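Data first, discussion second: the structure below is written as structure tokens.
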Protein chains: 2
Amino acid sequence: MTVSTARRQRLSPDERREQILLAAERLFAERPYAEVSTTGIARAAGVARGLLNHYFGDKRALYLEVVRRAALLPTLEDVPLPTGDLAERVDVAVRWFLGSITPERATYLTVRAAEGVGEDAEVRAILDQAHDLAAGRVLEMVGGDPQDAAARAAIRAFGELARGTIREWSRDQNLTREQAHLLLRESLLVIVRKVLPGL
Amino acid sequence: MTVSTARRQRLSPDERREQILLAAERLFAERPYAEVSTTGIARAAGVARGLLNHYFGDKRALYLEVVRRAALLPTLEDVPLPTGDLAERVDVAVRWFLGSITPERATYLTVRAAEGVGEDAEVRAILDQAHDLAAGRVLEMVGGDPQDAAARAAIRAFGELARGTIREWSRDQNLTREQAHLLLRESLLVIVRKVLPGL
DNA sequence: GTCTTTTGTTGGCAGTCTGCCAATAGTAGG
DNA sequence: CCTACTATTGGCAGACTGCCAACAAAAGAC
């Protein structure tokens, strides 16, 4: 520790926020919410515990901020709309979904872990927003109408299939990447061809 | 309160366990884990707080028990294997999945609420087990090999699609039941026809 | 029917954690 | 160099959890 001699390091609010968020993100990813103490987060971030409350209000607000960042991060980048026939566009959409996960941003994967019982309305809202955003992207890619509520709902449901498939491939390794790709491609294809028109 | 006069009611361990579990299930379904206090559960159940520890160890163990029951309950009933051609069997499987949710057992629906960040290994294991059980059922119904790990993984992923679809139908009402059925039927059909053989 | 044993049940103690706030100390501007 | 600003700290009060010894309601012994 080269900086351990400085008793107080005064940073800009943005830097300090980021520093705390990083520590919190790491700890919340390791243990369930209740087993992560604000004391632990503060220690990991190298700041006094009171600073967490100063920046984020309370523990839960800090947690929600971590969830928000982790959930929305992968969908923030914009992607070019694919061209070509339906099969090609579906292929691009699936590859985008698969690619937005990949090992280097494994954080995303953990952002759908289940608590078990009980809808946490605020967390649910954050995840719904992120998933809906991704669904809109996919719907555009495959040439659907992003304004169609039913179509959007169907694609959101497809998103669940995608995340489930990705978990089987990435974490549990019960599917290869090719198999995952096949599963998602065929499913999305049939949804666009046979289901969306029927809504 | 007709029994409020009795200072101490001495019940059989099974009855008392059940009584506590019911109260805990209700409270955990309303609020996230951290915001449910054992004091509150004890009050709702009408017992001393210490009794929770006596029967379940600690708060988390009680919670896991609630999750376990809620997650496994719907898949405990056994269903007859459908006959007929593939389209019919798929139809029965989808209807079983849709039917195992329905309003009267809405508890199940809440059993996949997301915490947000961080895999809770124990909770995850419980849900995985329940989902795998359901996937095995579906795989049998559609005539697949329940021992095939890749096929089973694909059907587990389909289970995510099913739960997502059910949420769009049941909670958010962005899909009608017929639309949900259509989506799941076509998807499962193409998975069985085009994906499973390719694994 | 009374006494004894068993065990389901309670209340409180000690430790931990959280939210809050007044005091402290870097840092920029005059 | 000094002052004003504010990022940062440490500790206090309240709440919650796990634990355990004491209590009492049934069941069994005689």
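Starting from 1 in every chain, residues are counted up; chains themselves are A, B, ... following the order of the structure tokens, and ligands are numbered from 1 as listed.
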Please report as CSV every residue of chain D lying within 12 Å of chain B, along with the nearest atom pair and their distance in Å (one decimal), using only C-alpha atoms (C1' of nucleotides).
```
residue,atom,partner,partner_atom,distance
D:DA15,C1',B:Ser37,CA,10.0
D:DC16,C1',B:Ser37,CA,7.3
D:DT17,C1',B:Thr38,CA,8.1
D:DG18,C1',B:Asp58,CA,7.3
D:DC19,C1',B:Gly50,CA,8.8
D:DC20,C1',B:Gly50,CA,9.9
D:DC23,C1',B:Arg8,CA,10.8
D:DA24,C1',B:Arg8,CA,8.2
D:DA25,C1',B:Arg10,CA,6.5
D:DA26,C1',B:Arg10,CA,7.8
```
Least-squares superposition of chain B on chain A, all Cα atoms, in-order pairing: what RMSD comes out, in Å? 0.1 Å
Within 9 Å of stretch 3-6 of chain D, counting only C-alpha atoms (C1' of nucleotides), which residues qualify if same-chain residues fewer than 2 places away don't, as a PyMOL selection string? (chain C and resi 27-30) or (chain D and resi 8)
How would the residues just picked look written out with N, CA and C atoms (P, O5', C5', C4', C3', O3' and C1' of nucleotides) as a PDB file, in the first residue's frame?
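Just written: selection.pdb:
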```
ATOM      1  P    DT C  27      -5.969  17.145  -0.582  1.00  0.00           P
ATOM      2  O5'  DT C  27      -6.659  18.433  -1.231  1.00  0.00           O
ATOM      3  C5'  DT C  27      -8.076  18.459  -1.407  1.00  0.00           C
ATOM      4  C4'  DT C  27      -8.547  19.863  -1.711  1.00  0.00           C
ATOM      5  C3'  DT C  27      -7.569  20.711  -2.535  1.00  0.00           C
ATOM      6  O3'  DT C  27      -8.220  21.122  -3.714  1.00  0.00           O
ATOM      7  C1'  DT C  27      -8.495  21.943  -0.730  1.00  0.00           C
ATOM      8  P    DA C  28      -7.423  21.655  -4.960  1.00  0.00           P
ATOM      9  O5'  DA C  28      -8.321  22.927  -5.336  1.00  0.00           O
ATOM     10  C5'  DA C  28      -9.740  22.831  -5.274  1.00  0.00           C
ATOM     11  C4'  DA C  28     -10.351  24.181  -4.970  1.00  0.00           C
ATOM     12  C3'  DA C  28      -9.804  25.335  -5.819  1.00  0.00           C
ATOM     13  O3'  DA C  28     -10.880  26.149  -6.249  1.00  0.00           O
ATOM     14  C1'  DA C  28      -9.551  25.840  -3.525  1.00  0.00           C
ATOM     15  P    DG C  29     -10.705  27.189  -7.381  1.00  0.00           P
ATOM     16  O5'  DG C  29     -10.908  28.574  -6.608  1.00  0.00           O
ATOM     17  C5'  DG C  29     -12.114  28.789  -5.869  1.00  0.00           C
ATOM     18  C4'  DG C  29     -11.973  29.997  -4.963  1.00  0.00           C
ATOM     19  C3'  DG C  29     -11.438  31.268  -5.647  1.00  0.00           C
ATOM     20  O3'  DG C  29     -12.199  32.376  -5.200  1.00  0.00           O
ATOM     21  C1'  DG C  29     -10.084  30.745  -3.789  1.00  0.00           C
ATOM     22  P    DG C  30     -12.103  33.736  -5.950  1.00  0.00           P
ATOM     23  O5'  DG C  30     -11.594  34.705  -4.796  1.00  0.00           O
ATOM     24  C5'  DG C  30     -12.348  34.800  -3.589  1.00  0.00           C
ATOM     25  C4'  DG C  30     -11.522  35.491  -2.517  1.00  0.00           C
ATOM     26  C3'  DG C  30     -10.918  36.831  -2.956  1.00  0.00           C
ATOM     27  O3'  DG C  30     -11.132  37.803  -1.942  1.00  0.00           O
ATOM     28  C1'  DG C  30      -9.220  35.414  -2.131  1.00  0.00           C
TER      29       DG C  30
ATOM     30  P    DT D   8     -14.226  12.360  -0.277  1.00  0.00           P
ATOM     31  O5'  DT D   8     -14.159  12.152   1.297  1.00  0.00           O
ATOM     32  C5'  DT D   8     -13.004  12.572   1.996  1.00  0.00           C
ATOM     33  C4'  DT D   8     -13.185  12.366   3.487  1.00  0.00           C
ATOM     34  C3'  DT D   8     -13.688  10.986   3.923  1.00  0.00           C
ATOM     35  O3'  DT D   8     -12.608  10.274   4.509  1.00  0.00           O
ATOM     36  C1'  DT D   8     -14.665  12.763   5.200  1.00  0.00           C
TER      37       DT D   8
END
```
Shortest interatomic distance to chain A - which of B:Gly99, B:Pro74, B:Pro13, B:Pro32, counting only C-alpha atoms: B:Pro32
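Of note, atom CA of B:Arg17 and atom CA of B:Phe56 are spaced 8.5 Å apart.
Proximity to chain A at a cut-off of 12 Å picks out DT16, DC17, DT18, DG19, DC20, DC21, DT24, DA25, DG26 and DT27 of chain C on chain C, counting only C-alpha atoms (C1' of nucleotides).
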Since we have the selection now, will you write its residues out, keeping N, CA and C atoms (P, O5', C5', C4', C3', O3' and C1' of nucleotides), as a PDB file, in the first residue's frame?
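Output saved as out_4.pdb:
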```pdb
ATOM      1  P    DT C  16     -19.576  -8.905  17.806  1.00  0.00           P
ATOM      2  O5'  DT C  16     -20.651  -8.456  16.712  1.00  0.00           O
ATOM      3  C5'  DT C  16     -21.507  -9.442  16.128  1.00  0.00           C
ATOM      4  C4'  DT C  16     -22.444  -8.789  15.139  1.00  0.00           C
ATOM      5  C3'  DT C  16     -21.785  -7.709  14.271  1.00  0.00           C
ATOM      6  O3'  DT C  16     -22.082  -7.950  12.905  1.00  0.00           O
ATOM      7  C1'  DT C  16     -23.740  -6.867  15.290  1.00  0.00           C
ATOM      8  P    DC C  17     -21.408  -7.048  11.765  1.00  0.00           P
ATOM      9  O5'  DC C  17     -22.656  -6.152  11.304  1.00  0.00           O
ATOM     10  C5'  DC C  17     -23.901  -6.791  11.042  1.00  0.00           C
ATOM     11  C4'  DC C  17     -24.959  -5.747  10.821  1.00  0.00           C
ATOM     12  C3'  DC C  17     -24.479  -4.577   9.950  1.00  0.00           C
ATOM     13  O3'  DC C  17     -25.385  -4.334   8.903  1.00  0.00           O
ATOM     14  C1'  DC C  17     -25.432  -3.794  11.978  1.00  0.00           C
ATOM     15  P    DT C  18     -24.979  -3.318   7.708  1.00  0.00           P
ATOM     16  O5'  DT C  18     -26.079  -2.168   7.823  1.00  0.00           O
ATOM     17  C5'  DT C  18     -27.424  -2.506   8.106  1.00  0.00           C
ATOM     18  C4'  DT C  18     -28.154  -1.281   8.637  1.00  0.00           C
ATOM     19  C3'  DT C  18     -27.855  -0.004   7.845  1.00  0.00           C
ATOM     20  O3'  DT C  18     -29.044   0.530   7.309  1.00  0.00           O
ATOM     21  C1'  DT C  18     -27.600   0.343  10.211  1.00  0.00           C
ATOM     22  P    DG C  19     -29.021   1.785   6.264  1.00  0.00           P
ATOM     23  O5'  DG C  19     -29.362   3.053   7.168  1.00  0.00           O
ATOM     24  C5'  DG C  19     -30.575   3.074   7.907  1.00  0.00           C
ATOM     25  C4'  DG C  19     -30.656   4.323   8.748  1.00  0.00           C
ATOM     26  C3'  DG C  19     -30.371   5.632   8.005  1.00  0.00           C
ATOM     27  O3'  DG C  19     -31.329   6.609   8.402  1.00  0.00           O
ATOM     28  C1'  DG C  19     -28.864   5.385   9.826  1.00  0.00           C
ATOM     29  P    DC C  20     -31.252   8.119   7.812  1.00  0.00           P
ATOM     30  O5'  DC C  20     -30.512   8.939   8.974  1.00  0.00           O
ATOM     31  C5'  DC C  20     -30.926   8.762  10.331  1.00  0.00           C
ATOM     32  C4'  DC C  20     -30.007   9.532  11.262  1.00  0.00           C
ATOM     33  C3'  DC C  20     -29.614  10.924  10.763  1.00  0.00           C
ATOM     34  O3'  DC C  20     -29.939  11.894  11.747  1.00  0.00           O
ATOM     35  C1'  DC C  20     -27.700   9.699  11.471  1.00  0.00           C
ATOM     36  P    DC C  21     -30.056  13.457  11.337  1.00  0.00           P
ATOM     37  O5'  DC C  21     -28.803  14.086  12.095  1.00  0.00           O
ATOM     38  C5'  DC C  21     -28.485  13.641  13.408  1.00  0.00           C
ATOM     39  C4'  DC C  21     -27.081  14.061  13.791  1.00  0.00           C
ATOM     40  C3'  DC C  21     -26.655  15.407  13.207  1.00  0.00           C
ATOM     41  O3'  DC C  21     -25.976  16.169  14.193  1.00  0.00           O
ATOM     42  C1'  DC C  21     -25.052  13.779  12.693  1.00  0.00           C
ATOM     43  P    DT C  24     -13.543  18.484  16.620  1.00  0.00           P
ATOM     44  O5'  DT C  24     -12.938  17.938  15.248  1.00  0.00           O
ATOM     45  C5'  DT C  24     -12.780  16.535  15.049  1.00  0.00           C
ATOM     46  C4'  DT C  24     -12.229  16.265  13.665  1.00  0.00           C
ATOM     47  C3'  DT C  24     -11.042  17.146  13.259  1.00  0.00           C
ATOM     48  O3'  DT C  24     -10.014  16.310  12.751  1.00  0.00           O
ATOM     49  C1'  DT C  24     -12.689  17.188  11.570  1.00  0.00           C
ATOM     50  P    DA C  25      -8.505  16.834  12.630  1.00  0.00           P
ATOM     51  O5'  DA C  25      -8.353  16.942  11.044  1.00  0.00           O
ATOM     52  C5'  DA C  25      -8.665  15.827  10.223  1.00  0.00           C
ATOM     53  C4'  DA C  25      -8.684  16.245   8.773  1.00  0.00           C
ATOM     54  C3'  DA C  25      -7.525  17.149   8.354  1.00  0.00           C
ATOM     55  O3'  DA C  25      -7.174  16.854   7.015  1.00  0.00           O
ATOM     56  C1'  DA C  25      -9.519  18.237   7.914  1.00  0.00           C
ATOM     57  P    DG C  26      -5.759  16.239   6.661  1.00  0.00           P
ATOM     58  O5'  DG C  26      -5.988  15.693   5.181  1.00  0.00           O
ATOM     59  C5'  DG C  26      -5.591  16.532   4.149  1.00  0.00           C
ATOM     60  C4'  DG C  26      -6.733  16.669   3.147  1.00  0.00           C
ATOM     61  C3'  DG C  26      -6.287  17.504   1.952  1.00  0.00           C
ATOM     62  O3'  DG C  26      -6.811  16.951   0.776  1.00  0.00           O
ATOM     63  C1'  DG C  26      -8.136  18.549   3.013  1.00  0.00           C
ATOM     64  P    DT C  27      -5.969  17.145  -0.582  1.00  0.00           P
ATOM     65  O5'  DT C  27      -6.659  18.433  -1.231  1.00  0.00           O
ATOM     66  C5'  DT C  27      -8.076  18.459  -1.407  1.00  0.00           C
ATOM     67  C4'  DT C  27      -8.547  19.863  -1.711  1.00  0.00           C
ATOM     68  C3'  DT C  27      -7.569  20.711  -2.535  1.00  0.00           C
ATOM     69  O3'  DT C  27      -8.220  21.122  -3.714  1.00  0.00           O
ATOM     70  C1'  DT C  27      -8.495  21.943  -0.730  1.00  0.00           C
TER      71       DT C  27
END
```
Would you kindly return, as a PyMOL selection string, each protein, DNA or RNA residue with an atom no farther than 9 Å from any atom of A:Leu21, considering only C-alpha atoms (C1' of nucleotides) and excluding same-chain residues fewer than 5 positions away? chain A and resi 16+26+45+62-63+65-66
Excluding stretch 164-166 of chain B and residues on its chain fewer than 2 positions from it, collect all residues at most 8 Å away from it, counting only C-alpha atoms (C1' of nucleotides), and give them as a PyMOL selection string. (chain A and resi 153-154+156-158+160-161) or (chain B and resi 98+101+160-162+168-171+180+183-184)
DSSP on the backbone: which residues in stretch 59-178 of chain B end up as helix (DSSP H, G or I)? Give the answer as a PyMOL selection string. chain B and resi 59-75+86-99+103-105+107-110+121-141+149-170+177-178
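Separating atom CA of B:Val92 from atom CA of A:Pro197 is a distance of 23.2 Å.
From atom CA of A:Ala135 back to atom CA of B:Leu127, the distance works out to 24.8 Å.
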Name all residues at most 12 Å from B:Gln19 (count only C-alpha atoms (C1' of nucleotides); drop same-chain ones fewer than 3 positions away) and give them as number ranges by chain. B: 11-16, 22-26, 41-47, 51-52, 55, 66
Write out, as a short mmCIF file (atom, residue, chain, number, x, y, z; two decimals), in the first residue's frame, the residues just selected, with C-alpha atoms.
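Below you can see again_2.cif, which holds the result:
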```cif
data_model
loop_
_atom_site.label_atom_id
_atom_site.label_comp_id
_atom_site.auth_asym_id
_atom_site.auth_seq_id
_atom_site.Cartn_x
_atom_site.Cartn_y
_atom_site.Cartn_z
CA LEU B 11 -48.93 -27.66 19.43
CA SER B 12 -47.26 -30.60 17.78
CA PRO B 13 -43.98 -29.68 16.12
CA ASP B 14 -45.46 -30.29 12.69
CA GLU B 15 -48.37 -27.97 13.27
CA ARG B 16 -46.17 -25.26 14.68
CA LEU B 22 -47.26 -19.94 6.39
CA ALA B 23 -46.62 -16.64 8.10
CA ALA B 24 -43.07 -16.52 6.73
CA GLU B 25 -44.23 -17.35 3.22
CA ARG B 26 -46.70 -14.50 3.30
CA ILE B 41 -42.73 -13.24 11.26
CA ALA B 42 -43.07 -14.30 14.88
CA ARG B 43 -45.75 -11.69 15.46
CA ALA B 44 -47.64 -12.75 12.34
CA ALA B 45 -47.46 -16.36 13.42
CA GLY B 46 -48.42 -15.51 16.98
CA VAL B 47 -45.38 -17.07 18.58
CA LEU B 51 -39.30 -20.32 18.41
CA LEU B 52 -38.24 -19.57 14.86
CA TYR B 55 -37.51 -24.87 14.57
CA VAL B 66 -39.99 -21.23 2.25
#
```
For a quick check of understanding, using only C-alpha atoms, which of A:Glu178, A:Asp128, A:Asp120, A:Asp145 has the smallest distance to chain B? A:Asp120
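Ranking A:Ala150, A:Ile155, A:Ala121, A:Gly144 by their shortest atom-to-atom distance to A:Ser187, with only C-alpha atoms included, puts A:Ile155 first.
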If you count only C-alpha atoms (C1' of nucleotides), which residues fall within 10 Å of D:DG28, apart from same-chain ones fewer than 3 positions away, as a list in words? DT4, DT5 and DT6 of chain C
Please dump the current selection as a PDB file, in the first residue's frame; keep N, CA and C atoms (P, O5', C5', C4', C3', O3' and C1' of nucleotides).
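Saved as result-v9.pdb:
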```pdb
ATOM      1  P    DT C   4     -43.165 -35.719  42.948  1.00  0.00           P
ATOM      2  O5'  DT C   4     -42.658 -36.212  41.518  1.00  0.00           O
ATOM      3  C5'  DT C   4     -42.664 -37.615  41.218  1.00  0.00           C
ATOM      4  C4'  DT C   4     -42.361 -37.827  39.747  1.00  0.00           C
ATOM      5  C3'  DT C   4     -41.175 -37.016  39.212  1.00  0.00           C
ATOM      6  O3'  DT C   4     -40.294 -37.885  38.516  1.00  0.00           O
ATOM      7  C1'  DT C   4     -43.080 -36.705  37.817  1.00  0.00           C
ATOM      8  P    DT C   5     -38.839 -37.374  38.039  1.00  0.00           P
ATOM      9  O5'  DT C   5     -39.032 -37.399  36.449  1.00  0.00           O
ATOM     10  C5'  DT C   5     -39.647 -38.550  35.854  1.00  0.00           C
ATOM     11  C4'  DT C   5     -40.031 -38.249  34.418  1.00  0.00           C
ATOM     12  C3'  DT C   5     -38.946 -37.545  33.607  1.00  0.00           C
ATOM     13  O3'  DT C   5     -38.693 -38.298  32.432  1.00  0.00           O
ATOM     14  C1'  DT C   5     -41.023 -36.416  33.386  1.00  0.00           C
ATOM     15  P    DT C   6     -37.497 -37.931  31.440  1.00  0.00           P
ATOM     16  O5'  DT C   6     -38.283 -37.227  30.226  1.00  0.00           O
ATOM     17  C5'  DT C   6     -39.461 -37.855  29.714  1.00  0.00           C
ATOM     18  C4'  DT C   6     -40.221 -36.891  28.826  1.00  0.00           C
ATOM     19  C3'  DT C   6     -39.362 -36.115  27.822  1.00  0.00           C
ATOM     20  O3'  DT C   6     -39.904 -36.285  26.528  1.00  0.00           O
ATOM     21  C1'  DT C   6     -40.785 -34.651  28.981  1.00  0.00           C
TER      22       DT C   6
END
```
